[in-house]
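Before any comments, here is the structure.
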Amino acid sequence: MNRVCQHCGELIVGNRYRVTSEEEGITLLDMIVCSLCFVEAKRLHLHTEEINVKGKRTSSRSRKSHRSRLGI
């Protein structure tokens, strides 16, 4: 998995986070970021979640998105 922050471009050391933003069901932002960019995203009240690589469980939000794209 890519270990570069999609916001600042720095190498991610430690935990990775997903930052998303939606408006009227349209995804405007979906990035994997480092901890510093995660803190900034939280300050901006964007949806954030830690990525759990060990469990590799897909969030319900992600599952819903995949279903709608597949027409399920």
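Letters A, B, ... mark the chains of the structure tokens in the order given; residue numbers begin at 1 per chain; ligand numbers begin at 1, in order shown.
Within segment 6-41 of chain A, DSSP run on the backbone puts these residues in strand (DSSP E or B): Leu11, Tyr17, Arg18, Val19, Thr20, Ser21, Glu22, Glu23, Ile26, Thr27, Leu28, Leu29, Asp30, Met31, Ile32 and Val33 of chain A.
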Worksheet item: If we count only C-alpha atoms, what is near Thr48 of chain A at a cut-off of 8 Å, once residues fewer than 3 positions away on the same chain are taken out, given as a list of chain:residue names?
Response: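 After dropping sequence-adjacent residues, the list is A:Tyr17, A:Arg18, A:Val19, A:Thr20, A:Phe38, A:Ala41, A:Lys42.
In this structure, atom CA of Glu50 of chain A sits 15.2 Å away from atom CA of Val4 of chain A.
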Item to complete: Considering only C-alpha atoms, return as a list in words whatever protein or nucleic-acid residues lie within 9 Å of Cys5 of chain A, sequence-local ones (same chain, fewer than 2 positions apart) excluded.
Response: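 Near neighbours after the sequence-gap exclusion: Asn2, Arg3, His7, Cys8, Gly9, Glu10, Leu11, Ile12, Arg16, Met31, Ile32, Val33, Cys34 and Cys37 of chain A.
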